[in-house]
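Engineer: File structure.pdb below, PDB, C-alpha atoms, pLDDT in the B column:
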```pdb
MODEL        1
ATOM      1  CA  MET A  90      11.831  -4.049 -18.972  1.00 59.00           C
ATOM      2  CA  SER A  91      10.381  -1.207 -16.901  1.00 81.00           C
ATOM      3  CA  GLN A  92      10.735  -1.056 -13.141  1.00 92.00           C
ATOM      4  CA  LEU A  93       7.530  -2.143 -11.376  1.00 94.00           C
ATOM      5  CA  GLY A  94       6.012  -0.524  -8.339  1.00 96.00           C
ATOM      6  CA  LEU A  95       3.058  -0.155  -6.039  1.00 96.00           C
ATOM      7  CA  LEU A  96       1.028   3.060  -5.765  1.00 97.00           C
ATOM      8  CA  ILE A  97      -0.768   3.475  -2.457  1.00 97.00           C
ATOM      9  CA  ASP A  98      -3.556   6.048  -2.220  1.00 96.00           C
ATOM     10  CA  TYR A  99      -3.704   6.371   1.544  1.00 93.00           C
ATOM     11  CA  GLU A 100      -6.697   8.714   1.403  1.00 92.00           C
ATOM     12  CA  TYR A 101      -8.810   5.593   0.870  1.00 93.00           C
ATOM     13  CA  CYS A 102      -7.119   3.140   3.249  1.00 95.00           C
ATOM     14  CA  THR A 103      -9.661   2.082   5.905  1.00 94.00           C
ATOM     15  CA  ASN A 104      -7.234   0.199   8.194  1.00 95.00           C
ATOM     16  CA  CYS A 105      -8.849  -3.159   7.406  1.00 96.00           C
ATOM     17  CA  HIS A 106      -5.427  -4.907   7.350  1.00 96.00           C
ATOM     18  CA  THR A 107      -6.482  -7.083   4.402  1.00 97.00           C
ATOM     19  CA  CYS A 108      -3.233  -6.245   2.597  1.00 97.00           C
ATOM     20  CA  GLU A 109      -1.236  -7.463   5.594  1.00 96.00           C
ATOM     21  CA  ILE A 110      -3.192 -10.725   5.850  1.00 96.00           C
ATOM     22  CA  ALA A 111      -3.041 -11.421   2.102  1.00 97.00           C
ATOM     23  CA  CYS A 112       0.693 -10.740   2.023  1.00 96.00           C
ATOM     24  CA  LYS A 113       1.448 -12.961   5.030  1.00 95.00           C
ATOM     25  CA  ALA A 114      -0.590 -15.799   3.512  1.00 94.00           C
ATOM     26  CA  GLU A 115       0.908 -15.440   0.029  1.00 94.00           C
ATOM     27  CA  LEU A 116       4.543 -15.246   1.133  1.00 92.00           C
ATOM     28  CA  ASP A 117       4.196 -17.478   4.224  1.00 91.00           C
ATOM     29  CA  ILE A 118       5.702 -14.753   6.404  1.00 92.00           C
ATOM     30  CA  PRO A 119       6.287 -15.784  10.037  1.00 91.00           C
ATOM     31  CA  GLU A 120       4.445 -14.212  12.963  1.00 89.00           C
ATOM     32  CA  GLY A 121       5.821 -10.818  13.976  1.00 92.00           C
ATOM     33  CA  LYS A 122       7.206  -9.993  10.539  1.00 95.00           C
ATOM     34  CA  TRP A 123       5.499  -8.203   7.682  1.00 95.00           C
ATOM     35  CA  GLY A 124       5.718  -7.787   3.914  1.00 95.00           C
ATOM     36  CA  ILE A 125       3.395  -4.806   4.226  1.00 96.00           C
ATOM     37  CA  LYS A 126       2.260  -3.135   7.448  1.00 96.00           C
ATOM     38  CA  VAL A 127      -0.497  -0.579   8.024  1.00 96.00           C
ATOM     39  CA  PHE A 128       0.510   2.314  10.282  1.00 96.00           C
ATOM     40  CA  GLU A 129      -1.858   4.754  11.966  1.00 95.00           C
ATOM     41  CA  ILE A 130      -1.125   8.472  12.066  1.00 95.00           C
ATOM     42  CA  GLY A 131      -3.257  10.235  14.677  1.00 95.00           C
ATOM     43  CA  PRO A 132      -5.866  10.777  15.802  1.00 95.00           C
ATOM     44  CA  TRP A 133      -5.219  14.324  16.911  1.00 96.00           C
ATOM     45  CA  GLN A 134      -7.083  17.551  16.428  1.00 97.00           C
ATOM     46  CA  ILE A 135      -5.622  19.913  13.834  1.00 96.00           C
ATOM     47  CA  ASP A 136      -8.002  22.782  14.422  1.00 97.00           C
ATOM     48  CA  GLU A 137     -11.565  23.348  15.581  1.00 96.00           C
ATOM     49  CA  ASN A 138     -13.061  21.631  12.532  1.00 96.00           C
ATOM     50  CA  SER A 139     -10.578  18.958  11.485  1.00 96.00           C
ATOM     51  CA  TRP A 140      -8.700  15.961  12.770  1.00 95.00           C
ATOM     52  CA  GLN A 141      -5.678  13.981  11.603  1.00 94.00           C
ATOM     53  CA  LEU A 142      -6.441  10.274  11.262  1.00 93.00           C
ATOM     54  CA  THR A 143      -4.654   8.515   8.445  1.00 94.00           C
ATOM     55  CA  PHE A 144      -3.743   4.899   7.741  1.00 94.00           C
ATOM     56  CA  VAL A 145      -0.710   4.265   5.566  1.00 94.00           C
ATOM     57  CA  PRO A 146       0.192   0.777   4.294  1.00 96.00           C
ATOM     58  CA  VAL A 147       3.984   0.577   4.113  1.00 95.00           C
ATOM     59  CA  PRO A 148       5.721  -2.255   2.234  1.00 95.00           C
ATOM     60  CA  THR A 149       8.837  -3.620   3.919  1.00 94.00           C
ATOM     61  CA  ASP A 150      12.049  -4.979   2.430  1.00 92.00           C
ATOM     62  CA  MET A 151      10.387  -8.414   2.471  1.00 92.00           C
ATOM     63  CA  CYS A 152       8.040  -7.227  -0.306  1.00 93.00           C
ATOM     64  CA  ASP A 153       8.953  -8.519  -3.767  1.00 92.00           C
ATOM     65  CA  LEU A 154       5.609  -7.412  -5.255  1.00 94.00           C
ATOM     66  CA  CYS A 155       4.554 -11.080  -5.207  1.00 95.00           C
ATOM     67  CA  ALA A 156       6.974 -12.019  -7.972  1.00 93.00           C
ATOM     68  CA  ASP A 157       5.551 -15.559  -8.243  1.00 94.00           C
ATOM     69  CA  ARG A 158       1.949 -14.302  -8.600  1.00 95.00           C
ATOM     70  CA  VAL A 159       2.957 -11.603 -11.076  1.00 95.00           C
ATOM     71  CA  SER A 160       4.886 -14.108 -13.204  1.00 95.00           C
ATOM     72  CA  LYS A 161       1.566 -15.963 -13.615  1.00 97.00           C
ATOM     73  CA  GLY A 162      -0.223 -12.803 -14.787  1.00 96.00           C
ATOM     74  CA  LYS A 163      -1.836 -12.025 -11.430  1.00 97.00           C
ATOM     75  CA  LYS A 164      -1.698  -8.856  -9.347  1.00 97.00           C
ATOM     76  CA  PRO A 165       0.251  -8.766  -6.071  1.00 97.00           C
ATOM     77  CA  ALA A 166      -1.819 -10.198  -3.199  1.00 97.00           C
ATOM     78  CA  CYS A 167      -2.194  -6.824  -1.456  1.00 97.00           C
ATOM     79  CA  VAL A 168      -3.528  -5.157  -4.617  1.00 98.00           C
ATOM     80  CA  HIS A 169      -5.833  -8.069  -5.461  1.00 98.00           C
ATOM     81  CA  ASN A 170      -7.359  -8.100  -1.965  1.00 97.00           C
ATOM     82  CA  CYS A 171      -7.647  -4.344  -1.283  1.00 97.00           C
ATOM     83  CA  PHE A 172     -11.414  -3.828  -1.366  1.00 95.00           C
ATOM     84  CA  THR A 173     -11.144  -0.003  -1.418  1.00 95.00           C
ATOM     85  CA  GLY A 174      -8.878   0.050  -4.472  1.00 95.00           C
ATOM     86  CA  ALA A 175      -6.298   2.053  -2.519  1.00 96.00           C
ATOM     87  CA  MET A 176      -3.459   0.126  -4.180  1.00 97.00           C
ATOM     88  CA  LYS A 177      -2.403  -0.035  -7.819  1.00 97.00           C
ATOM     89  CA  TYR A 178       0.347  -2.099  -9.429  1.00 97.00           C
ATOM     90  CA  GLY A 179       2.201  -1.233 -12.617  1.00 96.00           C
ATOM     91  CA  THR A 180       5.281   0.307 -14.119  1.00 95.00           C
ATOM     92  CA  VAL A 181       6.859   3.260 -12.376  1.00 95.00           C
ATOM     93  CA  GLU A 182       6.125   5.343 -15.488  1.00 95.00           C
ATOM     94  CA  GLU A 183       2.384   4.505 -15.381  1.00 95.00           C
ATOM     95  CA  LEU A 184       2.138   5.014 -11.640  1.00 96.00           C
ATOM     96  CA  SER A 185       4.029   8.315 -11.766  1.00 95.00           C
ATOM     97  CA  LYS A 186       1.323   9.691 -14.055  1.00 95.00           C
ATOM     98  CA  GLU A 187      -1.274   8.682 -11.452  1.00 93.00           C
ATOM     99  CA  LEU A 188       0.719  10.547  -8.783  1.00 92.00           C
ATOM    100  CA  GLU A 189       0.280  13.766 -10.732  1.00 91.00           C
ATOM    101  CA  LYS A 190      -3.523  13.475 -10.580  1.00 93.00           C
ATOM    102  CA  LYS A 191      -3.981  13.809  -6.811  1.00 92.00           C
ATOM    103  CA  THR A 192      -2.288  14.158  -3.450  1.00 91.00           C
ATOM    104  CA  ARG A 193      -2.115  11.688  -0.537  1.00 92.00           C
ATOM    105  CA  GLN A 194      -0.408   8.937  -2.498  1.00 95.00           C
ATOM    106  CA  VAL A 195       2.965   7.222  -2.173  1.00 94.00           C
ATOM    107  CA  LEU A 196       4.898   5.203  -4.745  1.00 95.00           C
ATOM    108  CA  PHE A 197       6.800   2.144  -3.534  1.00 94.00           C
ATOM    109  CA  VAL A 198       9.513   0.580  -5.691  1.00 93.00           C
ATOM    110  CA  PRO A 199      11.128  -2.511  -4.150  1.00 86.00           C
ATOM    111  CA  LYS A 200      14.849  -3.043  -4.061  1.00 78.00           C
ATOM    112  CA  GLN A 201      16.168  -5.320  -6.760  1.00 65.00           C
TER     113      GLN A 201
ENDMDL
END
```
Write out the structure in this file as C-alpha cells.

Structural biologist:
Amino acid sequence: MSQLGLLIDYEYCTNCHTCEIACKAELDIPEGKWGIKVFEIGPWQIDENSWQLTFVPVPTDMCDLCADRVSKGKKPACVHNCFTGAMKYGTVEELSKELEKKTRQVLFVPKQ
C-alpha cells in the first residue's frame, strides 16, 4: 500500500482556522493541543510594492490523517472542511505530481 499524505497549498489558506476546529472535533483533542495548527508569517513589507503575509497550516505529530474517517472512505476532517480547497489528501506519489505544478505548497507525511 502506498504512503498517504496531505498536500497543503498555502497560497490559498485564508487563516479561517476551520482545519483546526474540524481536527479538534474529530479527534477530541484537548484544549491547548493541536492536530493541525495555522501559523502566520508576517505581515512585513518586502519592498515598495509587496508585503509578506502568509498562513501555513502545519500538522503536528498528533495527526494520523483521520485514520478512522479514511477507513470509512471519507477524507480527513481538515481536507473535508477546508472551504478554499487548500488541502488535498492522497498517496505521496499523486501529491508529488501536484507539487511539480506550482510553488507555495508543502507535503506532509505523518509518522507511522

Engineer: Please measure the separation of CA of Cys167 in chain A and CA of Pro132 in chain A, giving the value in Å to one decimal.

Structural biologist: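 For CA of Cys167 in chain A relative to CA of Pro132 in chain A, the distance reads 24.9 Å.
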
Engineer: How would you write, as a VMD selection string, the residues chosen by the PyMOL selection byres ((chain A and resi 159) around 12) on this structure?

Structural biologist: chain A and resid 93 to 94 115 153 to 158 160 to 169 178 to 179

Engineer: For the residues in the current selection, export C-alpha atoms as a PDB file, keeping the file's coordinate frame.

Structural biologist:
```pdb
ATOM      1  CA  LEU A  93       7.530  -2.143 -11.376  1.00 94.00           C
ATOM      2  CA  GLY A  94       6.012  -0.524  -8.339  1.00 96.00           C
ATOM      3  CA  GLU A 115       0.908 -15.440   0.029  1.00 94.00           C
ATOM      4  CA  ASP A 153       8.953  -8.519  -3.767  1.00 92.00           C
ATOM      5  CA  LEU A 154       5.609  -7.412  -5.255  1.00 94.00           C
ATOM      6  CA  CYS A 155       4.554 -11.080  -5.207  1.00 95.00           C
ATOM      7  CA  ALA A 156       6.974 -12.019  -7.972  1.00 93.00           C
ATOM      8  CA  ASP A 157       5.551 -15.559  -8.243  1.00 94.00           C
ATOM      9  CA  ARG A 158       1.949 -14.302  -8.600  1.00 95.00           C
ATOM     10  CA  SER A 160       4.886 -14.108 -13.204  1.00 95.00           C
ATOM     11  CA  LYS A 161       1.566 -15.963 -13.615  1.00 97.00           C
ATOM     12  CA  GLY A 162      -0.223 -12.803 -14.787  1.00 96.00           C
ATOM     13  CA  LYS A 163      -1.836 -12.025 -11.430  1.00 97.00           C
ATOM     14  CA  LYS A 164      -1.698  -8.856  -9.347  1.00 97.00           C
ATOM     15  CA  PRO A 165       0.251  -8.766  -6.071  1.00 97.00           C
ATOM     16  CA  ALA A 166      -1.819 -10.198  -3.199  1.00 97.00           C
ATOM     17  CA  CYS A 167      -2.194  -6.824  -1.456  1.00 97.00           C
ATOM     18  CA  VAL A 168      -3.528  -5.157  -4.617  1.00 98.00           C
ATOM     19  CA  HIS A 169      -5.833  -8.069  -5.461  1.00 98.00           C
ATOM     20  CA  TYR A 178       0.347  -2.099  -9.429  1.00 97.00           C
ATOM     21  CA  GLY A 179       2.201  -1.233 -12.617  1.00 96.00           C
TER      22      GLY A 179
END
```

Engineer: Can you write out as CSV which residues of range 137-177 of chain A fall within 6 Å of range 99-105 of chain A, alongside each residue's closest atom pair and its distance in Å to one decimal, counting all atoms listed in the file and ordering rows by chain and ascending residue number?

Structural biologist:
```
residue,atom,partner,partner_atom,distance
A:Phe144,CA,A:Asn104,CA,5.9
A:Val145,CA,A:Tyr99,CA,5.4
A:Ala175,CA,A:Tyr101,CA,5.5
```

Engineer: Rank nothing, just name the residue among A:Leu96, A:Lys126, A:Ser91, A:Lys113 nearest to Leu184 in chain A, using only C-alpha atoms.

Structural biologist: A:Leu96

Engineer: Box along x, y and z, 5 Å on every side, all listed atoms of range 120-128 of chain A inside: centre and edge lengths in Å to one decimal, as AutoDock Vina command-line options.

Structural biologist:
```
--center_x 3.4 --center_y -5.9 --center_z 8.9 --size_x 17.7 --size_y 26.5 --size_z 20.1
```
